[in-house]
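**Student:** structure_37.pdb is reproduced below (PDB, C-alpha atoms and all ligand atoms).
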ATOM      1  CA  MET A   1    -157.675  91.362 -42.003
ATOM      2  CA  HIS A   2    -154.244  90.267 -43.221
ATOM      3  CA  GLU A   3    -152.471  91.835 -40.239
ATOM      4  CA  TYR A   4    -154.591  89.853 -37.805
ATOM      5  CA  SER A   5    -153.348  86.490 -39.091
ATOM      6  CA  ILE A   6    -149.775  87.797 -38.974
ATOM      7  CA  VAL A   7    -150.223  88.797 -35.343
ATOM      8  CA  GLN A   8    -151.699  85.392 -34.578
ATOM      9  CA  ALA A   9    -148.639  83.687 -36.070
ATOM     10  CA  LEU A  10    -146.299  85.989 -34.134
ATOM     11  CA  VAL A  11    -148.027  85.348 -30.826
ATOM     12  CA  ASN A  12    -147.835  81.607 -31.512
ATOM     13  CA  GLN A  13    -144.081  81.951 -32.011
ATOM     14  CA  VAL A  14    -143.785  83.941 -28.796
ATOM     15  CA  GLU A  15    -145.717  81.243 -26.932
ATOM     16  CA  GLU A  16    -143.285  78.609 -28.187
ATOM     17  CA  GLN A  17    -140.347  80.658 -26.918
ATOM     18  CA  VAL A  18    -142.036  81.268 -23.576
ATOM     19  CA  GLN A  19    -142.499  77.508 -23.113
ATOM     20  CA  ARG A  20    -138.963  76.730 -24.266
ATOM     21  CA  HIS A  21    -137.408  79.207 -21.818
ATOM     22  CA  ARG A  22    -140.016  78.669 -19.079
ATOM     23  CA  ALA A  23    -140.513  82.428 -19.002
ATOM     24  CA  ARG A  24    -142.899  84.021 -16.536
ATOM     25  CA  ALA A  25    -143.656  87.080 -18.611
ATOM     26  CA  VAL A  26    -142.987  88.754 -21.936
ATOM     27  CA  HIS A  27    -141.931  92.399 -21.798
ATOM     28  CA  VAL A  28    -141.085  93.333 -25.362
ATOM     29  CA  VAL A  29    -141.757  91.772 -28.744
ATOM     30  CA  CYS A  30    -139.641  93.115 -31.627
ATOM     31  CA  VAL A  31    -140.718  92.497 -35.183
ATOM     32  CA  GLN A  32    -138.978  93.341 -38.424
ATOM     33  CA  VAL A  33    -141.346  94.212 -41.239
ATOM     34  CA  GLY A  34    -140.033  94.510 -44.779
ATOM     35  CA  GLU A  35    -141.212  97.550 -46.700
ATOM     36  CA  LEU A  36    -142.420  95.259 -49.513
ATOM     37  CA  SER A  37    -144.207  92.818 -47.206
ATOM     38  CA  GLY A  38    -147.549  94.506 -47.783
ATOM     39  CA  VAL A  39    -148.061  95.045 -44.061
ATOM     40  CA  GLU A  40    -149.374  98.343 -42.704
ATOM     41  CA  VAL A  41    -147.461  98.966 -39.478
ATOM     42  CA  SER A  42    -150.333 100.928 -37.914
ATOM     43  CA  LEU A  43    -152.781  98.103 -38.709
ATOM     44  CA  LEU A  44    -150.329  95.580 -37.344
ATOM     45  CA  LYS A  45    -150.150  97.474 -34.046
ATOM     46  CA  THR A  46    -153.930  97.758 -33.861
ATOM     47  CA  ALA A  47    -154.328  94.043 -34.540
ATOM     48  CA  TYR A  48    -151.730  93.265 -31.893
ATOM     49  CA  ASP A  49    -153.549  95.364 -29.287
ATOM     50  CA  LEU A  50    -156.771  93.480 -29.987
ATOM     51  CA  PHE A  51    -155.241  90.040 -30.162
ATOM     52  CA  ARG A  52    -152.819  90.094 -27.252
ATOM     53  CA  GLN A  53    -155.528  90.136 -24.562
ATOM     54  CA  ASP A  54    -155.497  86.805 -22.738
ATOM     55  CA  THR A  55    -152.279  85.683 -24.440
ATOM     56  CA  VAL A  56    -148.692  85.553 -23.154
ATOM     57  CA  CYS A  57    -148.252  88.935 -24.849
ATOM     58  CA  ALA A  58    -150.935  90.701 -22.827
ATOM     59  CA  GLN A  59    -148.358  92.892 -21.027
ATOM     60  CA  ALA A  60    -145.777  92.995 -23.812
ATOM     61  CA  GLU A  61    -144.921  96.072 -25.804
ATOM     62  CA  LEU A  62    -144.725  95.605 -29.587
ATOM     63  CA  LYS A  63    -141.798  97.255 -31.336
ATOM     64  CA  VAL A  64    -141.836  97.328 -35.106
ATOM     65  CA  GLU A  65    -138.725  97.936 -37.156
ATOM     66  CA  THR A  66    -139.148  98.612 -40.844
ATOM     67  CA  VAL A  67    -136.597  96.953 -43.108
ATOM     68  CA  GLY A  68    -135.838  98.550 -46.459
ATOM     69  CA  ALA A  69    -135.810  96.536 -49.654
ATOM     70  CA  ARG A  70    -132.453  95.352 -50.923
ATOM     71  CA  TRP A  71    -131.841  93.850 -54.351
ATOM     72  CA  GLU A  72    -129.010  91.542 -55.198
ATOM     73  CA  CYS A  73    -127.589  90.020 -58.384
ATOM     74  CA  ARG A  74    -128.312  86.297 -58.726
ATOM     75  CA  ALA A  75    -125.041  85.740 -60.569
ATOM     76  CA  CYS A  76    -122.394  87.788 -58.723
ATOM     77  CA  ALA A  77    -124.278  88.748 -55.520
ATOM     78  CA  ALA A  78    -123.586  92.458 -56.034
ATOM     79  CA  THR A  79    -125.978  94.702 -54.125
ATOM     80  CA  LEU A  80    -127.984  97.058 -56.306
ATOM     81  CA  ALA A  81    -129.069 100.552 -55.466
ATOM     82  CA  PRO A  82    -132.795 100.771 -54.801
ATOM     83  CA  GLY A  83    -134.860 102.373 -57.534
ATOM     84  CA  GLY A  84    -132.419 101.419 -60.277
ATOM     85  CA  PRO A  85    -132.991  99.044 -63.172
ATOM     86  CA  LEU A  86    -133.481  95.398 -62.165
ATOM     87  CA  ARG A  87    -130.320  94.296 -63.944
ATOM     88  CA  CYS A  88    -126.899  93.976 -62.364
ATOM     89  CA  ASP A  89    -124.733  96.947 -63.364
ATOM     90  CA  ARG A  90    -121.594  94.861 -62.873
ATOM     91  CA  CYS A  91    -122.346  91.704 -64.857
ATOM     92  CA  GLY A  92    -125.802  92.288 -66.359
ATOM     93  CA  GLY A  93    -127.266  89.338 -64.471
ATOM     94  CA  ALA A  94    -130.827  88.994 -63.240
ATOM     95  CA  VAL A  95    -131.697  90.427 -59.864
ATOM     96  CA  ARG A  96    -133.548  89.040 -56.895
ATOM     97  CA  LEU A  97    -135.038  90.575 -53.779
ATOM     98  CA  ALA A  98    -132.572  89.808 -50.952
ATOM     99  CA  GLN A  99    -134.569  91.460 -48.192
ATOM    100  CA  GLY A 100    -137.639  93.583 -47.754
ATOM    101  CA  ASP A 101    -140.617  91.222 -48.039
ATOM    102  CA  GLU A 102    -140.230  89.453 -44.707
ATOM    103  CA  ILE A 103    -142.023  89.596 -41.372
ATOM    104  CA  VAL A 104    -139.693  88.287 -38.693
ATOM    105  CA  LEU A 105    -139.847  87.985 -34.946
ATOM    106  CA  SER A 106    -136.428  89.523 -34.351
ATOM    107  CA  LYS A 107    -136.171  89.876 -30.575
ATOM    108  CA  LEU A 108    -137.997  89.023 -27.378
ATOM    109  CA  GLU A 109    -137.496  90.269 -23.866
ATOM    110  CA  LEU A 110    -138.617  87.563 -21.492
ATOM    111  CA  GLU A 111    -138.752  87.384 -17.740
ATOM    112  CA  VAL A 112    -137.275  84.058 -16.760
ATOM    113  CA  ALA A 113    -137.801  82.553 -13.342
TER     114      ALA A 113
HETATM  115 ZN    ZN B   1    -123.974  90.680 -61.178
END
Please render this file's structure as structure tokens.
Ligand SMILES: [Zn+2]

**Tutor:**
Amino acid sequence: MHEYSIVQALVNQVEEQVQRHRARAVHVVCVQVGELSGVEVSLLKTAYDLFRQDTVCAQAELKVETVGARWECRACAATLAPGGPLRCDRCGGAVRLAQGDEIVLSKLELEVA
């Protein structure tokens, strides 16, 4: 399951932060999931509930924020409307995905001693 390895990576990141801040507990884990990342949010939450047992995240709530795709011109950095042609309407340049395929640990609420 793809989502399971994502959760594993997230919990590893949380553990690093817990050690860095010498936190006693983790209350909330916020994750940003791009709409083009290929992740099913419901599967991600299920995987998290299975995986978090016996980790630093055992008592932590998972909050998932979905991030919409945004396209940008490589040449002039203009932002393009979603669903349009993948050509810049200002300069005709090629377009790249600026956001929307990422999975990011965006925020943590830690209890620090
Ligand atoms: Zn352009």

**Student:** For the structure provided, state which residues fall under the PyMOL selection byres (((chain A and resi 112) around 6) and not hetatm), and present them as number ranges by chain.

**Tutor:** A: 23-24, 111, 113

**Student:** Around ligand ZN 1 (chain B), at most 7 Å away and counting all atoms listed in the file, which residues are there? Put them as a count of residues only, please.

**Tutor:** 12

**Student:** List the residues matched by the PyMOL selection byres (((chain A and resi 32) around 12) and not hetatm) in the displayed structure as a list in words, ordered by chain and then by residue number.

**Tutor:**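 Applying the PyMOL selection byres (((chain A and resi 32) around 12) and not hetatm) to the structure shown produces Leu10, Val29, Cys30, Val31, Val33, Gly34, Glu35, Leu36, Ser37, Val39, Val41, Leu44, Leu62, Lys63, Val64, Glu65, Thr66, Val67, Gly68, Gln99, Gly100, Asp101, Glu102, Ile103, Val104, Leu105, Ser106, Lys107 and Leu108 of chain A.
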
**Student:** Give the answer as one residue: which of A:Glu16, A:Glu40, A:Asp54, A:Glu61 has the shortest atom-to-atom distance to A:Glu109, using all atoms listed in the file?

**Tutor:**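 Going through A:Glu16, A:Glu40, A:Asp54, A:Glu61 one by one, the smallest distance to A:Glu109 is for A:Glu61.
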
**Student:** Have a look at A:Leu110, A:Ala58, A:Val18, A:Ala47 and name the one nearest to A:Tyr4; count all atoms listed in the file.

**Tutor:**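 Checking each of A:Leu110, A:Ala58, A:Val18, A:Ala47 against A:Tyr4, counting all atoms listed in the file, the winner is A:Ala47.
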
**Student:** Would you give the centre and edge lengths, in Å to one decimal, of a box along x, y and z around the listed atoms of stretch 3-17 of chain A, with 4 Å added to each side, as JSON?

**Tutor:**
{"center_x": -147.5, "center_y": 85.2, "center_z": -33.6, "size_x": 22.2, "size_y": 21.2, "size_z": 21.3}

**Student:** How many Å separate atom CA of A:Thr79 from atom CA of A:Leu97?

**Tutor:**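 Separation of atom CA of A:Thr79 and atom CA of A:Leu97: 10.0 Å.
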
**Student:** Which value, in Å to one decimal, gives the distance between atom CA of A:Ala60 and atom CA of A:Val26?

**Tutor:**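 Result for atom CA of A:Ala60 versus atom CA of A:Val26: 5.4 Å, one decimal.
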
**Student:** If you apply the PyMOL selection byres (((chain A and resi 85) around 12) and not hetatm) to this file, what residues do you get, as a list in words?

**Tutor:**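 After applying the PyMOL selection byres (((chain A and resi 85) around 12) and not hetatm), what remains is Trp71, Glu72, Cys73, Leu80, Ala81, Pro82, Gly83, Gly84, Leu86, Arg87, Cys88, Asp89, Gly92, Gly93, Ala94, Val95 and Arg96 of chain A.
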
**Student:** What does the distance between atom CA of A:Ala98 and atom CA of A:Ala69 come to in Å, to one decimal place?

**Tutor:** 7.6 Å
